[in-house]
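The next block is protein_3.cif, given as mmCIF, C-alpha atoms.
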data_work
loop_
_atom_site.group_PDB
_atom_site.id
_atom_site.type_symbol
_atom_site.label_atom_id
_atom_site.label_comp_id
_atom_site.auth_asym_id
_atom_site.auth_seq_id
_atom_site.Cartn_x
_atom_site.Cartn_y
_atom_site.Cartn_z
ATOM 1 C CA MET A 1 29.093 7.408 61.968
ATOM 2 C CA THR A 2 30.789 10.659 63.016
ATOM 3 C CA CYS A 3 31.641 11.376 66.627
ATOM 4 C CA TYR A 4 33.290 14.211 68.523
ATOM 5 C CA ALA A 5 36.328 13.412 70.645
ATOM 6 C CA VAL A 6 38.699 15.178 73.002
ATOM 7 C CA ILE A 7 41.978 13.415 72.260
ATOM 8 C CA ASP A 8 44.408 12.972 75.134
ATOM 9 C CA THR A 9 48.046 13.892 74.547
ATOM 10 C CA ASN A 10 49.212 10.331 75.213
ATOM 11 C CA VAL A 11 47.197 9.143 72.195
ATOM 12 C CA LEU A 12 49.151 11.465 69.888
ATOM 13 C CA VAL A 13 52.464 10.403 71.417
ATOM 14 C CA SER A 14 51.591 6.723 71.126
ATOM 15 C CA SER A 15 50.505 7.091 67.496
ATOM 16 C CA LEU A 16 53.864 8.609 66.548
ATOM 17 C CA LEU A 17 55.824 6.014 68.494
ATOM 18 C CA SER A 18 53.848 3.061 67.159
ATOM 19 C CA LYS A 19 55.405 0.885 64.472
ATOM 20 C CA LYS A 20 52.099 -0.801 63.668
ATOM 21 C CA ASP A 21 49.680 0.747 61.212
ATOM 22 C CA ASP A 22 46.773 -1.079 62.841
ATOM 23 C CA SER A 23 47.461 0.045 66.411
ATOM 24 C CA ALA A 24 44.511 1.666 68.187
ATOM 25 C CA THR A 25 46.097 5.109 68.427
ATOM 26 C CA VAL A 26 47.120 5.142 64.740
ATOM 27 C CA GLN A 27 43.570 4.155 63.825
ATOM 28 C CA VAL A 28 42.215 7.084 65.848
ATOM 29 C CA LEU A 29 44.261 9.522 63.776
ATOM 30 C CA GLY A 30 43.236 7.714 60.602
ATOM 31 C CA LYS A 31 39.578 8.233 61.514
ATOM 32 C CA VAL A 32 40.317 11.922 62.106
ATOM 33 C CA ILE A 33 41.687 12.225 58.555
ATOM 34 C CA ILE A 34 38.647 10.541 56.968
ATOM 35 C CA GLY A 35 36.219 12.555 59.080
ATOM 36 C CA GLU A 36 34.807 9.800 61.303
ATOM 37 C CA VAL A 37 36.296 11.398 64.409
ATOM 38 C CA ILE A 38 36.136 15.181 64.848
ATOM 39 C CA PRO A 39 38.745 16.386 67.363
ATOM 40 C CA VAL A 40 37.580 18.925 69.927
ATOM 41 C CA TYR A 41 40.396 21.116 71.194
ATOM 42 C CA SER A 42 41.178 24.424 72.848
ATOM 43 C CA ASN A 43 44.227 26.657 72.642
ATOM 44 C CA VAL A 44 45.332 25.296 76.020
ATOM 45 C CA ILE A 45 45.110 21.732 74.710
ATOM 46 C CA THR A 46 47.136 22.439 71.548
ATOM 47 C CA LYS A 47 49.734 24.175 73.699
ATOM 48 C CA GLU A 48 49.921 21.016 75.833
ATOM 49 C CA TYR A 49 50.191 18.868 72.681
ATOM 50 C CA ARG A 50 53.112 20.919 71.387
ATOM 51 C CA LYS A 51 54.881 20.999 74.752
ATOM 52 C CA VAL A 52 54.743 17.221 75.240
ATOM 53 C CA LEU A 53 55.481 16.259 71.634
ATOM 54 C CA SER A 54 58.545 18.542 71.650
ATOM 55 C CA ARG A 55 60.199 16.725 74.560
ATOM 56 C CA LYS A 56 63.713 15.594 73.675
ATOM 57 C CA LYS A 57 63.124 12.031 74.870
ATOM 58 C CA PHE A 58 60.668 11.428 72.005
ATOM 59 C CA ASP A 59 62.931 12.906 69.329
ATOM 60 C CA PHE A 60 60.019 13.801 67.043
ATOM 61 C CA SER A 61 60.985 16.097 64.182
ATOM 62 C CA GLY A 62 59.539 19.566 64.012
ATOM 63 C CA ASP A 63 57.887 18.765 60.662
ATOM 64 C CA THR A 64 56.177 15.694 62.130
ATOM 65 C CA ILE A 65 54.829 17.681 65.078
ATOM 66 C CA GLU A 66 53.573 20.473 62.827
ATOM 67 C CA TYR A 67 51.896 17.997 60.463
ATOM 68 C CA LEU A 68 50.092 16.284 63.342
ATOM 69 C CA LEU A 69 48.929 19.528 64.976
ATOM 70 C CA SER A 70 47.860 20.923 61.591
ATOM 71 C CA ALA A 71 45.701 17.824 61.061
ATOM 72 C CA VAL A 72 44.027 18.324 64.436
ATOM 73 C CA GLU A 73 43.348 21.985 63.650
ATOM 74 C CA LYS A 74 42.220 21.301 60.066
ATOM 75 C CA TYR A 75 39.750 18.522 60.863
ATOM 76 C CA GLY A 76 38.829 19.528 64.397
ATOM 77 C CA ILE A 77 36.771 22.164 66.181
ATOM 78 C CA LEU A 78 38.423 24.923 68.204
ATOM 79 C CA ILE A 79 36.443 25.827 71.311
ATOM 80 C CA ASP A 80 36.833 28.239 74.207
ATOM 81 C CA PRO A 81 35.534 26.268 77.221
ATOM 82 C CA SER A 82 33.917 28.058 80.123
ATOM 83 C CA PRO A 83 35.750 27.695 83.465
ATOM 84 C CA SER A 84 34.240 24.697 85.257
ATOM 85 C CA ARG A 85 35.643 25.163 88.780
ATOM 86 C CA ILE A 86 36.178 21.395 88.828
ATOM 87 C CA ILE A 87 38.875 20.021 91.136
ATOM 88 C CA LEU A 88 40.508 16.883 89.734
ATOM 89 C CA PRO A 89 43.101 14.601 91.338
ATOM 90 C CA ASP A 90 45.492 15.693 88.576
ATOM 91 C CA MET A 91 44.716 19.285 87.595
ATOM 92 C CA LYS A 92 46.707 18.887 84.347
ATOM 93 C CA ASP A 93 43.677 16.927 83.115
ATOM 94 C CA LEU A 94 41.370 19.917 83.593
ATOM 95 C CA PRO A 95 41.594 21.408 80.045
ATOM 96 C CA PHE A 96 40.543 18.052 78.576
ATOM 97 C CA TYR A 97 37.557 17.623 80.902
ATOM 98 C CA GLU A 98 36.477 21.228 80.373
ATOM 99 C CA ALA A 99 36.546 20.649 76.611
ATOM 100 C CA LEU A 100 34.503 17.502 77.172
ATOM 101 C CA LEU A 101 31.945 19.458 79.201
ATOM 102 C CA GLU A 102 31.737 22.163 76.549
ATOM 103 C CA LYS A 103 30.673 19.627 73.896
ATOM 104 C CA ARG A 104 28.549 17.387 76.103
ATOM 105 C CA ASP A 105 25.499 18.406 74.057
ATOM 106 C CA VAL A 106 26.856 16.228 71.229
ATOM 107 C CA ASN A 107 28.022 13.444 73.563
ATOM 108 C CA ALA A 108 31.723 14.021 72.988
ATOM 109 C CA TYR A 109 34.129 11.303 74.127
ATOM 110 C CA LEU A 110 37.465 11.485 75.876
ATOM 111 C CA VAL A 111 39.955 9.306 73.978
ATOM 112 C CA THR A 112 42.878 8.371 76.193
ATOM 113 C CA GLY A 113 45.348 5.590 76.758
ATOM 114 C CA ASN A 114 45.775 6.478 80.420
ATOM 115 C CA ILE A 115 43.968 3.879 82.529
ATOM 116 C CA LYS A 116 44.152 6.238 85.496
ATOM 117 C CA ARG A 117 41.636 8.451 83.752
ATOM 118 C CA ASN A 118 38.092 7.237 83.838
ATOM 119 C CA THR A 119 37.162 7.286 80.140
ATOM 120 C CA THR A 120 33.604 6.192 80.901
ATOM 121 C CA VAL A 121 33.040 9.163 83.200
ATOM 122 C CA ASP A 122 29.785 10.968 82.612
ATOM 123 C CA ALA A 123 30.734 14.597 82.021
ATOM 124 C CA HIS A 124 27.426 15.680 83.541
ATOM 125 C CA LEU A 125 28.560 14.397 86.963
ATOM 126 C CA LEU A 126 31.907 16.179 87.050
ATOM 127 C CA HIS A 127 30.690 19.373 88.717
ATOM 128 C CA GLN A 128 27.394 18.298 90.272
ATOM 129 C CA ILE A 129 28.290 16.566 93.539
ATOM 130 C CA LYS A 130 29.771 18.634 96.345
ATOM 131 C CA CYS A 131 31.094 17.458 99.699
ATOM 132 C CA GLY A 132 29.036 18.851 102.590
ATOM 133 C CA TYR A 133 32.027 18.695 104.942
ATOM 134 C CA ARG A 134 34.807 20.363 102.931
ATOM 135 C CA GLY A 135 32.756 22.074 100.232
ATOM 136 C CA SER A 136 34.867 20.403 97.525
ATOM 137 C CA TRP A 137 33.704 18.682 94.355
ATOM 138 C CA TYR A 138 33.493 14.913 94.144
ATOM 139 C CA GLY A 139 35.717 13.134 91.619
ATOM 140 C CA SER A 140 35.749 9.602 90.236
ATOM 141 C CA LYS A 141 38.050 6.753 91.218
ATOM 142 C CA VAL A 142 38.299 3.154 89.972
ATOM 143 C CA TRP A 143 38.499 0.345 92.496
ATOM 144 C CA HIS A 144 40.000 -3.029 91.475
ATOM 145 C CA SER A 145 40.558 -1.779 87.921
ATOM 146 C CA ASN A 146 42.075 -5.046 86.665
ATOM 147 C CA ARG A 147 39.727 -7.434 88.436
ATOM 148 C CA LYS A 148 36.223 -8.703 87.973
ATOM 149 C CA TYR A 149 35.164 -6.651 91.022
ATOM 150 C CA ARG A 150 35.955 -3.397 89.199
ATOM 151 C CA LYS A 151 33.864 -0.487 90.499
ATOM 152 C CA VAL A 152 33.709 3.208 89.669
ATOM 153 C CA ILE A 153 33.125 5.259 92.794
ATOM 154 C CA TRP A 154 32.949 8.989 93.491
ATOM 155 C CA GLN A 155 34.401 10.656 96.561
ATOM 156 C CA CYS A 156 35.454 14.106 97.740
ATOM 157 C CA ASN A 157 38.644 15.172 95.959
ATOM 158 C CA HIS A 158 40.026 16.365 99.311
ATOM 159 C CA LYS A 159 38.853 13.446 101.400
ATOM 160 C CA PHE A 160 42.333 12.578 102.676
ATOM 161 C CA ASP A 161 43.897 16.030 102.921
ATOM 162 C CA ASN A 162 46.193 16.479 105.921
ATOM 163 C CA ASP A 163 45.499 12.880 107.028
ATOM 164 C CA ASP A 164 42.089 14.068 108.223
ATOM 165 C CA ARG A 165 39.973 11.108 107.136
ATOM 166 C CA TYR A 166 36.506 12.380 107.808
ATOM 167 C CA HIS A 167 33.483 10.238 107.121
ATOM 168 C CA THR A 168 31.811 11.789 104.079
ATOM 169 C CA PRO A 169 30.789 8.640 102.180
ATOM 170 C CA HIS A 170 31.887 7.528 98.755
ATOM 171 C CA LEU A 171 29.169 6.947 96.170
ATOM 172 C CA TYR A 172 28.859 4.262 93.507
ATOM 173 C CA GLU A 173 28.568 5.637 89.978
ATOM 174 C CA ASP A 174 25.653 3.341 89.103
ATOM 175 C CA ASN A 175 23.694 4.672 92.096
ATOM 176 C CA ILE A 176 24.490 8.269 91.173
ATOM 177 C CA LYS A 177 23.258 7.772 87.621
ATOM 178 C CA ALA A 178 20.085 6.131 88.888
ATOM 179 C CA SER A 179 19.484 9.099 91.215
ATOM 180 C CA PHE A 180 20.078 11.578 88.410
ATOM 181 C CA LEU A 181 17.687 9.667 86.161
ATOM 182 C CA SER A 182 15.049 9.684 88.905
ATOM 183 C CA ALA A 183 15.489 13.423 89.463
ATOM 184 C CA THR A 184 15.287 14.073 85.710
ATOM 185 C CA ASN A 185 12.056 12.110 85.465
ATOM 186 C CA ARG A 186 10.576 14.138 88.318
ATOM 187 C CA LEU A 187 11.558 17.352 86.535
ATOM 188 C CA LEU A 188 10.006 16.171 83.287
ATOM 189 C CA SER A 189 6.763 15.268 85.031
ATOM 190 C CA CYS A 190 6.149 18.966 85.810
ATOM 191 C CA LYS A 191 8.135 20.481 82.954
ATOM 192 C CA ASP A 192 5.625 23.159 81.924
ATOM 193 C CA SER A 193 5.218 24.629 85.413
ATOM 194 C CA ILE A 194 8.993 24.628 85.997
ATOM 195 C CA ILE A 195 9.587 26.510 82.737
ATOM 196 C CA ALA A 196 6.878 29.051 83.565
ATOM 197 C CA ASP A 197 8.204 29.606 87.097
ATOM 198 C CA ALA A 198 11.802 29.839 85.866
ATOM 199 C CA ASP A 199 10.916 32.389 83.179
ATOM 200 C CA GLU A 200 9.130 34.499 85.791
ATOM 201 C CA MET A 201 12.038 34.189 88.250
ATOM 202 C CA VAL A 202 14.644 35.154 85.651
ATOM 203 C CA ALA A 203 12.590 38.187 84.641
ATOM 204 C CA ALA A 204 12.131 39.310 88.267
ATOM 205 C CA ILE A 205 15.415 38.476 89.986
ATOM 206 C CA LEU A 206 17.868 38.937 87.136
ATOM 207 C CA ASP A 207 16.440 42.138 85.652
ATOM 208 C CA THR A 208 19.491 44.304 84.916
ATOM 209 C CA THR A 209 17.597 47.419 83.784
ATOM 210 C CA ALA A 210 18.297 49.428 86.969
ATOM 211 C CA LEU A 211 21.985 48.457 87.024
ATOM 212 C CA GLU A 212 22.432 49.311 83.356
ATOM 213 C CA LYS A 213 20.845 52.732 83.953
ATOM 214 C CA GLU A 214 23.095 53.378 86.980
ATOM 215 C CA GLN A 215 26.133 52.264 84.977
ATOM 216 C CA ASP A 216 25.348 54.771 82.214
ATOM 217 C CA GLU A 217 24.856 57.559 84.773
ATOM 218 C CA LEU A 218 28.139 56.745 86.542
ATOM 219 C CA LEU A 219 30.034 56.622 83.249
ATOM 220 C CA GLU A 220 28.704 60.066 82.401
ATOM 221 C CA GLU A 221 29.471 61.356 85.925
ATOM 222 C CA THR A 222 33.073 60.079 85.994
ATOM 223 C CA GLN A 223 33.670 61.538 82.529
ATOM 224 C CA LEU A 224 32.302 64.930 83.649
ATOM 225 C CA ILE A 225 34.395 64.977 86.849
ATOM 226 C CA SER A 226 37.494 63.969 84.879
ATOM 227 C CA GLU A 227 36.930 66.906 82.523
ATOM 228 C CA MET A 228 36.460 69.274 85.489
ATOM 229 C CA VAL A 229 39.743 68.080 87.016
ATOM 230 C CA GLN A 230 41.576 68.661 83.727
ATOM 231 C CA ALA A 231 40.017 72.106 83.388
ATOM 232 C CA ALA A 232 41.096 73.017 86.925
ATOM 233 C CA ILE A 233 44.664 71.899 86.211
ATOM 234 C CA VAL A 234 44.807 73.953 82.994
ATOM 235 C CA GLU A 235 43.341 76.997 84.740
ATOM 236 C CA ASN A 236 45.881 76.760 87.563
ATOM 237 C CA ALA A 237 48.690 76.558 85.017
ATOM 238 C CA THR A 238 47.570 79.649 83.113
ATOM 239 C CA VAL A 239 45.947 81.884 85.740
ATOM 240 C CA ALA A 240 47.302 83.051 89.104
ATOM 241 C CA LEU A 241 44.996 81.301 91.594
ATOM 242 C CA ASP A 242 44.925 81.055 95.357
ATOM 243 C CA GLN A 243 46.700 77.727 95.815
ATOM 244 C CA THR A 244 44.842 76.886 99.005
ATOM 245 C CA GLU A 245 41.492 77.297 97.265
ATOM 246 C CA TYR A 246 42.783 75.446 94.188
ATOM 247 C CA GLN A 247 44.006 72.497 96.251
ATOM 248 C CA LYS A 248 40.698 72.355 98.136
ATOM 249 C CA ARG A 249 38.760 72.264 94.844
ATOM 250 C CA TYR A 250 41.151 69.706 93.323
ATOM 251 C CA ASP A 251 40.917 67.412 96.362
ATOM 252 C CA SER A 252 37.121 67.674 96.365
ATOM 253 C CA LEU A 253 36.921 66.692 92.686
ATOM 254 C CA SER A 254 39.405 63.839 93.162
ATOM 255 C CA THR A 255 37.400 62.471 96.093
ATOM 256 C CA LYS A 256 34.176 62.597 94.060
ATOM 257 C CA PHE A 257 35.901 60.898 91.134
ATOM 258 C CA ASP A 258 37.326 58.088 93.273
ATOM 259 C CA LYS A 259 33.931 57.518 94.917
ATOM 260 C CA SER A 260 32.104 57.419 91.577
ATOM 261 C CA LYS A 261 34.751 55.181 90.030
ATOM 262 C CA ALA A 262 34.568 52.706 92.933
ATOM 263 C CA ARG A 263 30.783 52.564 92.640
ATOM 264 C CA LEU A 264 31.024 52.154 88.867
ATOM 265 C CA GLU A 265 33.403 49.193 89.219
ATOM 266 C CA GLN A 266 31.028 47.566 91.727
ATOM 267 C CA VAL A 267 28.010 48.118 89.469
ATOM 268 C CA MET A 268 29.866 46.684 86.476
ATOM 269 C CA ALA A 269 30.894 43.616 88.497
ATOM 270 C CA ASP A 270 27.326 43.089 89.747
ATOM 271 C CA LEU A 271 25.987 43.526 86.236
ATOM 272 C CA GLN A 272 28.447 41.016 84.800
ATOM 273 C CA GLN A 273 27.572 38.479 87.510
ATOM 274 C CA MET A 274 23.850 38.858 86.855
ATOM 275 C CA GLN A 275 24.377 38.534 83.105
ATOM 276 C CA LEU A 276 26.365 35.323 83.644
ATOM 277 C CA GLN A 277 23.656 33.933 85.922
ATOM 278 C CA ARG A 278 20.986 34.865 83.418
ATOM 279 C CA ALA A 279 22.931 33.145 80.635
ATOM 280 C CA GLU A 280 23.221 29.989 82.768
ATOM 281 C CA TYR A 281 19.486 29.974 83.502
ATOM 282 C CA GLU A 282 18.615 30.587 79.865
ATOM 283 C CA SER A 283 20.988 27.812 78.766
ATOM 284 C CA PHE A 284 19.335 25.423 81.215
ATOM 285 C CA LEU A 285 15.840 26.409 80.049
ATOM 286 C CA LYS A 286 16.824 26.057 76.394
ATOM 287 C CA THR A 287 18.138 22.542 77.019
ATOM 288 C CA PHE A 288 15.189 21.651 79.242
ATOM 289 C CA LYS A 289 12.656 22.828 76.653
#

Turn the structure described in the file into structure tokens.
Amino acid sequence: MTCYAVIDTNVLVSSLLSKKDDSATVQVLGKVIIGEVIPVYSNVITKEYRKVLSRKKFDFSGDTIEYLLSAVEKYGILIDPSPSRIILPDMKDLPFYEALLEKRDVNAYLVTGNIKRNTTVDAHLLHQIKCGYRGSWYGSKVWHSNRKYRKVIWQCNHKFDNDDRYHTPHLYEDNIKASFLSATNRLLSCKDSIIADADEMVAAILDTTALEKEQDELLEETQLISEMVQAAIVENATVALDQTEYQKRYDSLSTKFDKSKARLEQVMADLQQMQLQRAEYESFLKTFK
């Protein structure tokens, strides 16, 4: 059975340090070679791999590092994850969780030897729960990790900032999953009407036709004004003109250009935002269908 996995840096380090061929981390790399595990990585992740593996304290040879990274690149999948806006307790973990989110459609796993990272975390929860008090995302935390009372809870990532212990509650992961399952079932019960309403909403609210037309007009306008400015400069350099009149005309054209350019930049930003929102809606509808 083949699975996709985001491999934590500590797994690579441990595999190179291990003197046992049957250690868990060595077996992970062995499964990568035979195709049972397909590494999922980004350029940021491989940069992190190289940085950590090159530390003097490990004393790994350059050839060993290159061989290992080449194996990851040869047998793995390079992705370019979308920014998640997730806030984690340790933001150095973010590239790994973003890669995990990017491949959640194939149920990718996070393979790590760091017990401080919750390897059972459901990637779908990472950017879904927001604190109503601080406006920050919830993150996971393990209580009593080495005891029979072990619990995975979720709480605001900034719950204890500045010693201000406000009373936004923590949530148990099992309860969250049950709530998500309940909400999903409710969505599925009226799936057809939701899809129809969403299609209509996307068509009405996120129609970019007017913005695209205005963008084309502004591009043409700024180009025309730019040409007029250049023509005025050339004329002033070759013909004896009244400098007061020339400066007045030049300033007028410059003002028009700056105004059109500012509007063009705003239109382009609005258009990009609407296109991103449309892509998100369409991605949701595609998955939902």

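A straight line drawn from atom CA of Leu101 of chain A to atom CA of Arg150 of chain A is 25.3 Å long.
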
| field | Among listed residues A:Leu17, A:Val267, A:Arg278, A:Pro39, nearest Ala204 of chain A (using all atoms listed in the file) | value | A:Arg278

| query | Skipping near chain neighbours, those fewer than 6 positions away, what residues fall within 10 Å of segment 56-68 of chain A using all atoms listed in the file, listed as a PyMOL selection string? | reply | chain A and resi 12-13+16-17+29+49-50+74

For the residues selected in the previous step, produce a file with C-alpha atoms as a compact mmCIF listing (two decimals), in the coordinates of the input.
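Printed below is again27.txt as written:
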# COMPACT_ATOMS: atom_id res chain seq x y z
CA LEU A 12 49.15 11.46 69.89
CA VAL A 13 52.46 10.40 71.42
CA LEU A 16 53.86 8.61 66.55
CA LEU A 17 55.82 6.01 68.49
CA LEU A 29 44.26 9.52 63.78
CA TYR A 49 50.19 18.87 72.68
CA ARG A 50 53.11 20.92 71.39
CA LYS A 74 42.22 21.30 60.07

| query | Which residue gives the smallest distance to Leu211 of chain A among A:Ile129, A:Val44, A:Val152, A:Ala269, with all atoms listed in the file counted? | reply |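 Comparing A:Ile129, A:Val44, A:Val152, A:Ala269 against Leu211 of chain A, the winner is A:Ala269.
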
| Separation of atom CA of Glu48 of chain A from atom CA of Ala24 of chain A in Å | 21.5 Å

Run the PyMOL selection byres ((chain A and resi 275) around 12) against the file shown and list the residues it catches, as an mmCIF file with C-alpha atoms, in the frame of the given file.
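See result.cif below for the written result:
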data_model
loop_
_atom_site.group_PDB
_atom_site.id
_atom_site.type_symbol
_atom_site.label_atom_id
_atom_site.label_comp_id
_atom_site.auth_asym_id
_atom_site.auth_seq_id
_atom_site.Cartn_x
_atom_site.Cartn_y
_atom_site.Cartn_z
ATOM 1 C CA VAL A 202 14.644 35.154 85.651
ATOM 2 C CA ALA A 203 12.590 38.187 84.641
ATOM 3 C CA ILE A 205 15.415 38.476 89.986
ATOM 4 C CA LEU A 206 17.868 38.937 87.136
ATOM 5 C CA ASP A 207 16.440 42.138 85.652
ATOM 6 C CA THR A 208 19.491 44.304 84.916
ATOM 7 C CA THR A 209 17.597 47.419 83.784
ATOM 8 C CA LEU A 211 21.985 48.457 87.024
ATOM 9 C CA GLU A 212 22.432 49.311 83.356
ATOM 10 C CA MET A 268 29.866 46.684 86.476
ATOM 11 C CA ALA A 269 30.894 43.616 88.497
ATOM 12 C CA ASP A 270 27.326 43.089 89.747
ATOM 13 C CA LEU A 271 25.987 43.526 86.236
ATOM 14 C CA GLN A 272 28.447 41.016 84.800
ATOM 15 C CA GLN A 273 27.572 38.479 87.510
ATOM 16 C CA MET A 274 23.850 38.858 86.855
ATOM 17 C CA LEU A 276 26.365 35.323 83.644
ATOM 18 C CA GLN A 277 23.656 33.933 85.922
ATOM 19 C CA ARG A 278 20.986 34.865 83.418
ATOM 20 C CA ALA A 279 22.931 33.145 80.635
ATOM 21 C CA GLU A 280 23.221 29.989 82.768
ATOM 22 C CA TYR A 281 19.486 29.974 83.502
ATOM 23 C CA GLU A 282 18.615 30.587 79.865
#

Can you list what the PyMOL selection byres ((chain A and resi 260) around 10) grabs from this structure, as a PDB file with C-alpha atoms, in the coordinates of the input?
ATOM      1  CA  GLU A 217      24.856  57.559  84.773  1.00  0.00           C
ATOM      2  CA  LEU A 218      28.139  56.745  86.542  1.00  0.00           C
ATOM      3  CA  LEU A 219      30.034  56.622  83.249  1.00  0.00           C
ATOM      4  CA  GLU A 221      29.471  61.356  85.925  1.00  0.00           C
ATOM      5  CA  THR A 222      33.073  60.079  85.994  1.00  0.00           C
ATOM      6  CA  ILE A 225      34.395  64.977  86.849  1.00  0.00           C
ATOM      7  CA  SER A 254      39.405  63.839  93.162  1.00  0.00           C
ATOM      8  CA  THR A 255      37.400  62.471  96.093  1.00  0.00           C
ATOM      9  CA  LYS A 256      34.176  62.597  94.060  1.00  0.00           C
ATOM     10  CA  PHE A 257      35.901  60.898  91.134  1.00  0.00           C
ATOM     11  CA  ASP A 258      37.326  58.088  93.273  1.00  0.00           C
ATOM     12  CA  LYS A 259      33.931  57.518  94.917  1.00  0.00           C
ATOM     13  CA  LYS A 261      34.751  55.181  90.030  1.00  0.00           C
ATOM     14  CA  ALA A 262      34.568  52.706  92.933  1.00  0.00           C
ATOM     15  CA  ARG A 263      30.783  52.564  92.640  1.00  0.00           C
ATOM     16  CA  LEU A 264      31.024  52.154  88.867  1.00  0.00           C
ATOM     17  CA  GLU A 265      33.403  49.193  89.219  1.00  0.00           C
ATOM     18  CA  GLN A 266      31.028  47.566  91.727  1.00  0.00           C
TER      19      GLN A 266
END

| request: For each of A:Gln243, A:Leu285, A:Ser42, A:Val142, take the minimum atom-to-atom distance to Leu187 of chain A, counting only C-alpha atoms, then give the residue where this is smallest. | output: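 Checking each of A:Gln243, A:Leu285, A:Ser42, A:Val142 against Leu187 of chain A, counting only C-alpha atoms, the winner is A:Leu285.
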
| task | Please evaluate the PyMOL selection byres ((chain A and resi 171) around 7) against the structure above and give the resulting residues as an MDAnalysis selection string. | result | chainID A and resid 153:155 169:170 172:173 176

| Which residue of A:His158, A:Ala232, A:Ala99, A:Leu69 approaches Pro83 of chain A most closely, using all atoms listed in the file |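 Between A:His158, A:Ala232, A:Ala99, A:Leu69, the residue approaching Pro83 of chain A most closely is A:Ala99.
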
| message | I'd like the interatomic distance between atom CA of Glu200 of chain A and atom CA of Asn185 of chain A, to a tenth of an Å. | response |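 Separation between atom CA of Glu200 of chain A and atom CA of Asn185 of chain A: 22.6 Å.
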
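Closest approach to Thr168 of chain A from the set A:Ser182, A:Thr238, A:Ser136, A:Thr9 is made by A:Ser136, with distances taken over all atoms listed in the file.
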
| task | For Val11 of chain A, please output as number ranges by chain all residues within 12 Å (counting only C-alpha atoms; exclusion window: fewer than 6 positions along the same chain). | result | A: 5, 17-18, 23-29, 49, 52-53, 68, 110-114

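Among the candidates A:Glu245, A:Asp93, A:Asp251, A:Asp197, the one nearest to Asn10 of chain A when counting only C-alpha atoms is A:Asp93.
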